[in-house]
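Written below as structure tokens is the structure these notes are about.
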Amino acid sequence: MIMSRRQKVLVIDDSQQMHPLIQVRLRGLGVELISAYDGQTGLKIATEEPPDLILLDVNMPGMSGFEVCQVLKESSQTHDIPVIFLTGADESVNKVKGFDLGAVDYVTKPFDPAELCARVRAALNTKALMDLLTTQGQIDGLTGLHNRRYFDERLGQELAAGHRYERPVGLLMIDLDHFKSINDTFGHPKGDQVLRKFADVLTQTCRATDVTCRYGGEEFAVILPASTLELSHQCGVRVLDAIRKCPDFVDIIGRPVTASIGVACAVPSDRMTPAVLVEAADKALYAAKVAGRDRIAAAELAHSQTVV
Amino acid sequence: MQDRPSIAPGVNTEHFNADQEPLTSQFAADPDMLELIGMFVRELPARVESLQQALARSDLATLSQVAHQLKGAGGGYGFPSITSSAAEVERLVKAKAEVDSLHEAVSDLISLCRRASSNPR
Ligand SMILES: [Mg+2]
């Protein structure tokens with residue numbers, strides 16, 4: 001096990017007798033169990049002290065398990081917590097609906113102790129790996145793109161390689177237009193959904209060799225190894241087009257979304273640092289914003305940086 | 001010392017009836033579970049009372065709720081027959097079944113709850 005701390009499992013079930021039973025059955029896993037007997041209380045606990053896993057009864061008076069899951073998945077504080085649904089063996093529950101809501105698994109009651117243990121252990125292991133990737137690793141937890149730390153490291157490597165082989169390195173700095181007003185108007189859960197969808201579109205639009213990253217907030221960056229300014233510019237235009245036309249944003253917030261891009265490119269000198277290229281692309285991004293957004297602008301790099 | 005028939009302790013031959021034989025948890029041999037089963041069984045009379053009252057008042061919501069919880073927990077505590085009997089009650093309430101069949105199903109469930117015992121055989 002890769003965990004250094006004790007993992008927490010929140011059990012939300014209206015049937016009081018389920019709680020001690022699950023406690024005994026999971027004893028061997030060495031996890032800390034927290035109990036909630038209704039959906040509202042469960043949500044409150046999940047938000048205040050996020051557990052590593054939630055065992056969630058589907059059939060509860062008041063708020064159903066499906067409703068609880070939906071709320072969990074809409075909030076940025078709780079959407080990464082894996083959920084295993086508990087259902088009665090005879091209940092014709094729509095399992096697909098549960099998976100669509102973001103559940104990772106199902107356990108039927110009355111459960112087989114070994115099966116419960118195995119499913120819980122599997123979910124906790126995955127959670128521990130995800131934690132490792134997002135906290136010490138190189139993945140942005142919200143979007144699944146590379147994170148800022150990875151970006152800085154990778155851009156340094158690509159510049160060094162570009163210098164060695166005398167080939168250009170392109171960079172796109174991308175900013176979602178008017179994102180603050182999206183958050184203010186529709187709330188952070190919708191804002192998060194927009195960011196995730198944005199990341200999807202970005203990944204689909206760029207080439208497999210391009211390095212897509214979340215730079216921070218609503219700003220994204222794409223490193224384009226071995227790409228001229230013209231190629232990088234074309235990629236940026238494709239991204240803007242795909243974002244503008246993506247119908248999913250309309251589903252999420254009722255209107256389309258646009259972005260602005262600054263593009264920079266250089267055959268790096270041996271002195272060129274990542275900061276120089278980022279700054280150039282950022283300046284171009286600013287120019288694109290000032291010029292009216294939903295467009296791309298190219299950076300002018302000083303001759304000493306050997307602009308392509 | 002009185003004359004006693006040589007039979008297993010606790011079994012009254014005169015009133016012997018399979019329907020009243022104690023029902024033992026499948027997990028009674030599991031020391032981890034013993035205490036829990038005891039707790040579960042000790043709470044059953046209260047459940048039986050709720051079922052009886054709900055039946056008398058035709059309080060279908062309570063009937064369904066208690067049955068639902070027994071269904072979920074029964075098998076987990078080693079009493080699968082409680083789970084299936086409770087599932088039947090829940091099903092009949094949902095299906096708006098005839099009062100007679102509902103009475104019968106609830107009586108079955110109550111009888112199983114009364115027979116449930118935490119003593120290992
Ligand atoms: Mg329930």
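Labeling convention for the structure tokens: chains A, B, ... as they appear, residues from 1 per chain, ligands from 1 in order of appearance.
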task: Write out as a PyMOL selection string every residue belonging to chain B that has an atom at most 12 Å from any atom of chain A, counting only C-alpha atoms.
output: chain B and resi 27+30-44+47+61-62+64-88+90-91+94
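Counting only C-alpha atoms and comparing A:Phe66, A:Ala114, A:Glu74, A:Leu56, the residue that lies closest to A:Leu26 is A:Ala114.
If only C-alpha atoms and all ligand atoms are the atoms counted, then among A:Gly30, A:Gly170, A:Pro268, A:Gly39 the closest residue to ligand 1 is A:Gly39.
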- request: Could you give me, as number ranges by chain, each residue of stretch 72-303 of chain A that DSSP assigns to alpha helix (DSSP H) when run on this structure's backbone?
  value: A: 72-74, 95-100, 113-131, 148-165, 179-186, 188-205, 229-245, 248-253, 274-290
message: Which residue is closest to A:Glu166? Choose from A:Leu72, A:Ala264, A:Ser269, A:Lys245 and count only C-alpha atoms.
response: A:Ser269
query: Quick one, how far is atom CA of A:Val93 from atom CA of A:Ser35?
result: 23.2 Å
Using only C-alpha atoms, which residues sit within 8 Å of A:Phe85 once same-chain residues fewer than 2 positions away are excluded, as a PDB file with all heavy atoms, in the first residue's frame?
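Contents of around_23.pdb, as written:
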ATOM      1  N   LEU A  55     -19.213   5.129   0.711  1.00  0.00           N
ATOM      2  CA  LEU A  55     -20.152   4.040   0.467  1.00  0.00           C
ATOM      3  C   LEU A  55     -21.535   4.645   0.601  1.00  0.00           C
ATOM      4  O   LEU A  55     -21.897   5.143   1.667  1.00  0.00           O
ATOM      5  CB  LEU A  55     -19.965   2.907   1.479  1.00  0.00           C
ATOM      6  CG  LEU A  55     -18.614   2.179   1.439  1.00  0.00           C
ATOM      7  CD1 LEU A  55     -18.567   1.090   2.504  1.00  0.00           C
ATOM      8  CD2 LEU A  55     -18.358   1.588   0.070  1.00  0.00           C
ATOM      9  N   LEU A  56     -22.298   4.625  -0.477  1.00  0.00           N
ATOM     10  CA  LEU A  56     -23.521   5.416  -0.537  1.00  0.00           C
ATOM     11  C   LEU A  56     -24.723   4.538  -0.862  1.00  0.00           C
ATOM     12  O   LEU A  56     -24.808   3.951  -1.941  1.00  0.00           O
ATOM     13  CB  LEU A  56     -23.327   6.514  -1.613  1.00  0.00           C
ATOM     14  CG  LEU A  56     -24.446   7.499  -1.869  1.00  0.00           C
ATOM     15  CD1 LEU A  56     -24.899   8.182  -0.585  1.00  0.00           C
ATOM     16  CD2 LEU A  56     -24.006   8.528  -2.897  1.00  0.00           C
ATOM     17  N   ASP A  57     -25.638   4.475   0.096  1.00  0.00           N
ATOM     18  CA  ASP A  57     -26.892   3.743  -0.094  1.00  0.00           C
ATOM     19  C   ASP A  57     -27.719   4.462  -1.163  1.00  0.00           C
ATOM     20  O   ASP A  57     -27.833   5.677  -1.143  1.00  0.00           O
ATOM     21  CB  ASP A  57     -27.645   3.706   1.250  1.00  0.00           C
ATOM     22  CG  ASP A  57     -28.913   2.884   1.183  1.00  0.00           C
ATOM     23  OD1 ASP A  57     -28.995   1.983   0.330  1.00  0.00           O
ATOM     24  OD2 ASP A  57     -29.820   3.146   2.004  1.00  0.00           O
ATOM     25  N   VAL A  58     -28.267   3.713  -2.107  1.00  0.00           N
ATOM     26  CA  VAL A  58     -29.079   4.348  -3.153  1.00  0.00           C
ATOM     27  C   VAL A  58     -30.454   4.698  -2.603  1.00  0.00           C
ATOM     28  O   VAL A  58     -30.967   5.808  -2.779  1.00  0.00           O
ATOM     29  CB  VAL A  58     -29.236   3.407  -4.374  1.00  0.00           C
ATOM     30  CG1 VAL A  58     -30.233   3.984  -5.366  1.00  0.00           C
ATOM     31  CG2 VAL A  58     -27.889   3.191  -5.051  1.00  0.00           C
ATOM     32  N   GLY A  65     -29.555   8.281  -2.857  1.00  0.00           N
ATOM     33  CA  GLY A  65     -28.122   8.176  -3.095  1.00  0.00           C
ATOM     34  C   GLY A  65     -27.713   8.814  -4.418  1.00  0.00           C
ATOM     35  O   GLY A  65     -26.659   9.441  -4.514  1.00  0.00           O
ATOM     36  N   VAL A  83     -17.068   7.028  -5.296  1.00  0.00           N
ATOM     37  CA  VAL A  83     -18.329   6.619  -4.663  1.00  0.00           C
ATOM     38  C   VAL A  83     -18.640   5.180  -5.061  1.00  0.00           C
ATOM     39  O   VAL A  83     -18.596   4.831  -6.233  1.00  0.00           O
ATOM     40  CB  VAL A  83     -19.485   7.540  -5.118  1.00  0.00           C
ATOM     41  CG1 VAL A  83     -20.828   6.980  -4.658  1.00  0.00           C
ATOM     42  CG2 VAL A  83     -19.296   8.955  -4.600  1.00  0.00           C
ATOM     43  N   THR A  87     -26.710  -1.187  -2.935  1.00  0.00           N
ATOM     44  CA  THR A  87     -28.096  -1.390  -3.340  1.00  0.00           C
ATOM     45  C   THR A  87     -28.583  -2.749  -2.860  1.00  0.00           C
ATOM     46  O   THR A  87     -27.787  -3.658  -2.657  1.00  0.00           O
ATOM     47  CB  THR A  87     -28.252  -1.393  -4.879  1.00  0.00           C
ATOM     48  OG1 THR A  87     -27.459  -2.470  -5.402  1.00  0.00           O
ATOM     49  CG2 THR A  87     -27.798  -0.106  -5.480  1.00  0.00           C
ATOM     50  N   GLY A  98     -26.027   5.338 -12.279  1.00  0.00           N
ATOM     51  CA  GLY A  98     -25.056   5.558 -11.214  1.00  0.00           C
ATOM     52  C   GLY A  98     -23.655   5.790 -11.752  1.00  0.00           C
ATOM     53  O   GLY A  98     -22.945   6.683 -11.305  1.00  0.00           O
ATOM     54  N   ALA A 103     -20.135   7.156 -10.180  1.00  0.00           N
ATOM     55  CA  ALA A 103     -19.820   6.078  -9.246  1.00  0.00           C
ATOM     56  C   ALA A 103     -18.705   5.208  -9.819  1.00  0.00           C
ATOM     57  O   ALA A 103     -18.581   5.078 -11.032  1.00  0.00           O
ATOM     58  CB  ALA A 103     -21.052   5.222  -8.995  1.00  0.00           C
ATOM     59  N   ASP A 105     -18.252   1.974  -8.497  1.00  0.00           N
ATOM     60  CA  ASP A 105     -18.598   0.572  -8.313  1.00  0.00           C
ATOM     61  C   ASP A 105     -19.950   0.422  -7.616  1.00  0.00           C
ATOM     62  O   ASP A 105     -20.522   1.398  -7.139  1.00  0.00           O
ATOM     63  CB  ASP A 105     -17.514  -0.121  -7.468  1.00  0.00           C
ATOM     64  CG  ASP A 105     -17.299  -1.573  -7.881  1.00  0.00           C
ATOM     65  OD1 ASP A 105     -18.197  -2.150  -8.509  1.00  0.00           O
ATOM     66  OD2 ASP A 105     -16.235  -2.110  -7.551  1.00  0.00           O
ATOM     67  N   TYR A 106     -20.416  -0.814  -7.575  1.00  0.00           N
ATOM     68  CA  TYR A 106     -21.642  -1.165  -6.856  1.00  0.00           C
ATOM     69  C   TYR A 106     -21.372  -2.338  -5.921  1.00  0.00           C
ATOM     70  O   TYR A 106     -20.588  -3.221  -6.253  1.00  0.00           O
ATOM     71  CB  TYR A 106     -22.740  -1.605  -7.830  1.00  0.00           C
ATOM     72  CG  TYR A 106     -23.522  -0.489  -8.443  1.00  0.00           C
ATOM     73  CD1 TYR A 106     -23.098   0.119  -9.608  1.00  0.00           C
ATOM     74  CD2 TYR A 106     -24.688  -0.023  -7.844  1.00  0.00           C
ATOM     75  CE1 TYR A 106     -23.816   1.152 -10.191  1.00  0.00           C
ATOM     76  CE2 TYR A 106     -25.419   1.009  -8.404  1.00  0.00           C
ATOM     77  CZ  TYR A 106     -24.984   1.586  -9.575  1.00  0.00           C
ATOM     78  OH  TYR A 106     -25.694   2.600 -10.131  1.00  0.00           O
ATOM     79  N   VAL A 107     -22.040  -2.334  -4.775  1.00  0.00           N
ATOM     80  CA  VAL A 107     -22.033  -3.515  -3.916  1.00  0.00           C
ATOM     81  C   VAL A 107     -23.493  -3.777  -3.556  1.00  0.00           C
ATOM     82  O   VAL A 107     -24.228  -2.860  -3.213  1.00  0.00           O
ATOM     83  CB  VAL A 107     -21.211  -3.292  -2.631  1.00  0.00           C
ATOM     84  CG1 VAL A 107     -21.406  -4.444  -1.664  1.00  0.00           C
ATOM     85  CG2 VAL A 107     -19.730  -3.136  -2.952  1.00  0.00           C
TER      86      VAL A 107
END
For A:Gln7, please output as a short mmCIF file (atom, residue, chain, number, x, y, z; two decimals) with N, CA, C and O atoms, in the first residue's frame all residues within 12 Å (counting only C-alpha atoms; exclusion window: fewer than 4 positions along the same chain).
data_model
loop_
_atom_site.label_atom_id
_atom_site.label_comp_id
_atom_site.auth_asym_id
_atom_site.auth_seq_id
_atom_site.Cartn_x
_atom_site.Cartn_y
_atom_site.Cartn_z
N MET A 1 0.85 -1.20 0.00
CA MET A 1 0.00 0.00 0.00
C MET A 1 0.88 1.25 0.00
O MET A 1 1.88 1.32 0.70
N ILE A 2 0.48 2.24 -0.79
CA ILE A 2 1.32 3.42 -0.94
C ILE A 2 0.93 4.54 0.02
O ILE A 2 1.52 5.60 0.00
N MET A 3 -0.07 4.27 0.87
CA MET A 3 -0.55 5.34 1.73
C MET A 3 0.35 5.52 2.94
O MET A 3 0.81 4.57 3.54
N LEU A 26 -14.81 -4.33 7.38
CA LEU A 26 -13.66 -3.61 6.80
C LEU A 26 -12.51 -3.48 7.80
O LEU A 26 -11.53 -2.80 7.54
N LEU A 29 -8.87 -3.72 6.81
CA LEU A 29 -8.26 -2.73 5.91
C LEU A 29 -7.59 -1.59 6.67
O LEU A 29 -6.86 -0.80 6.09
N GLY A 30 -7.88 -1.50 7.96
CA GLY A 30 -7.26 -0.43 8.75
C GLY A 30 -7.70 0.97 8.35
O GLY A 30 -6.92 1.91 8.42
N VAL A 31 -8.93 1.11 7.90
CA VAL A 31 -9.41 2.44 7.53
C VAL A 31 -10.26 3.03 8.65
O VAL A 31 -10.74 2.31 9.52
N GLU A 32 -10.40 4.34 8.61
CA GLU A 32 -11.25 5.01 9.59
C GLU A 32 -12.64 5.16 8.98
O GLU A 32 -12.79 5.65 7.86
N LEU A 33 -13.67 4.73 9.71
CA LEU A 33 -15.03 4.81 9.19
C LEU A 33 -15.78 5.96 9.82
O LEU A 33 -15.71 6.17 11.03
N ILE A 34 -16.52 6.70 8.99
CA ILE A 34 -17.37 7.77 9.48
C ILE A 34 -18.79 7.45 9.02
O ILE A 34 -18.98 7.00 7.89
N GLU A 49 -14.79 17.41 5.86
CA GLU A 49 -13.56 16.61 5.96
C GLU A 49 -13.60 15.50 4.92
O GLU A 49 -14.01 14.38 5.22
N PRO A 50 -13.21 15.85 3.70
CA PRO A 50 -13.38 14.92 2.58
C PRO A 50 -12.76 13.54 2.84
O PRO A 50 -11.58 13.45 3.19
N PRO A 51 -13.57 12.49 2.73
CA PRO A 51 -13.05 11.13 2.90
C PRO A 51 -12.36 10.65 1.62
O PRO A 51 -12.40 11.34 0.60
N ASP A 52 -11.76 9.48 1.68
CA ASP A 52 -11.10 8.90 0.50
C ASP A 52 -12.06 8.05 -0.32
O ASP A 52 -11.77 7.70 -1.46
N LEU A 53 -13.20 7.72 0.30
CA LEU A 53 -14.18 6.88 -0.39
C LEU A 53 -15.53 7.08 0.31
O LEU A 53 -15.58 7.27 1.52
N ILE A 54 -16.59 7.02 -0.48
CA ILE A 54 -17.93 7.09 0.11
C ILE A 54 -18.70 5.84 -0.29
O ILE A 54 -18.77 5.50 -1.47
N ILE A 81 -13.82 12.46 -4.96
CA ILE A 81 -14.00 11.37 -4.00
C ILE A 81 -14.74 10.21 -4.70
O ILE A 81 -15.82 10.40 -5.22
N VAL A 120 -13.79 -2.26 -1.88
CA VAL A 120 -13.36 -1.07 -1.14
C VAL A 120 -11.84 -0.89 -1.28
O VAL A 120 -11.35 0.21 -1.52
N ARG A 121 -11.12 -2.00 -1.16
CA ARG A 121 -9.66 -1.91 -1.25
C ARG A 121 -9.23 -1.39 -2.62
O ARG A 121 -8.38 -0.52 -2.74
N ALA A 123 -10.93 0.49 -4.70
CA ALA A 123 -11.26 1.92 -4.85
C ALA A 123 -10.28 2.78 -4.06
O ALA A 123 -9.86 3.84 -4.53
N LEU A 124 -9.89 2.31 -2.87
CA LEU A 124 -8.97 3.10 -2.04
C LEU A 124 -7.57 3.15 -2.66
O LEU A 124 -6.88 4.16 -2.59
N ASN A 125 -7.17 2.04 -3.28
CA ASN A 125 -5.86 2.02 -3.94
C ASN A 125 -5.81 3.02 -5.08
O ASN A 125 -4.84 3.77 -5.25
N LYS A 127 -7.66 5.63 -5.40
CA LYS A 127 -7.69 6.97 -4.83
C LYS A 127 -6.30 7.40 -4.37
O LYS A 127 -5.86 8.54 -4.59
N ALA A 128 -5.59 6.47 -3.73
CA ALA A 128 -4.25 6.79 -3.23
C ALA A 128 -3.31 7.13 -4.40
O ALA A 128 -2.51 8.06 -4.31
N ASP A 131 -4.19 10.57 -5.65
CA ASP A 131 -3.67 11.57 -4.72
C ASP A 131 -2.18 11.81 -4.98
O ASP A 131 -1.71 12.94 -5.00
#
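As for atom CA of A:Tyr215 and atom CA of A:Lys283, they are spaced 15.3 Å apart.
Of note, atom CA of A:Ala298 and atom CA of A:Leu229 are spaced 8.2 Å apart.
Residues lying within 9 Å of A:Ser76, counting only C-alpha atoms and ignoring same-chain neighbours fewer than 6 positions away, are Leu142, His188, Pro189 and Asp192 of chain A.
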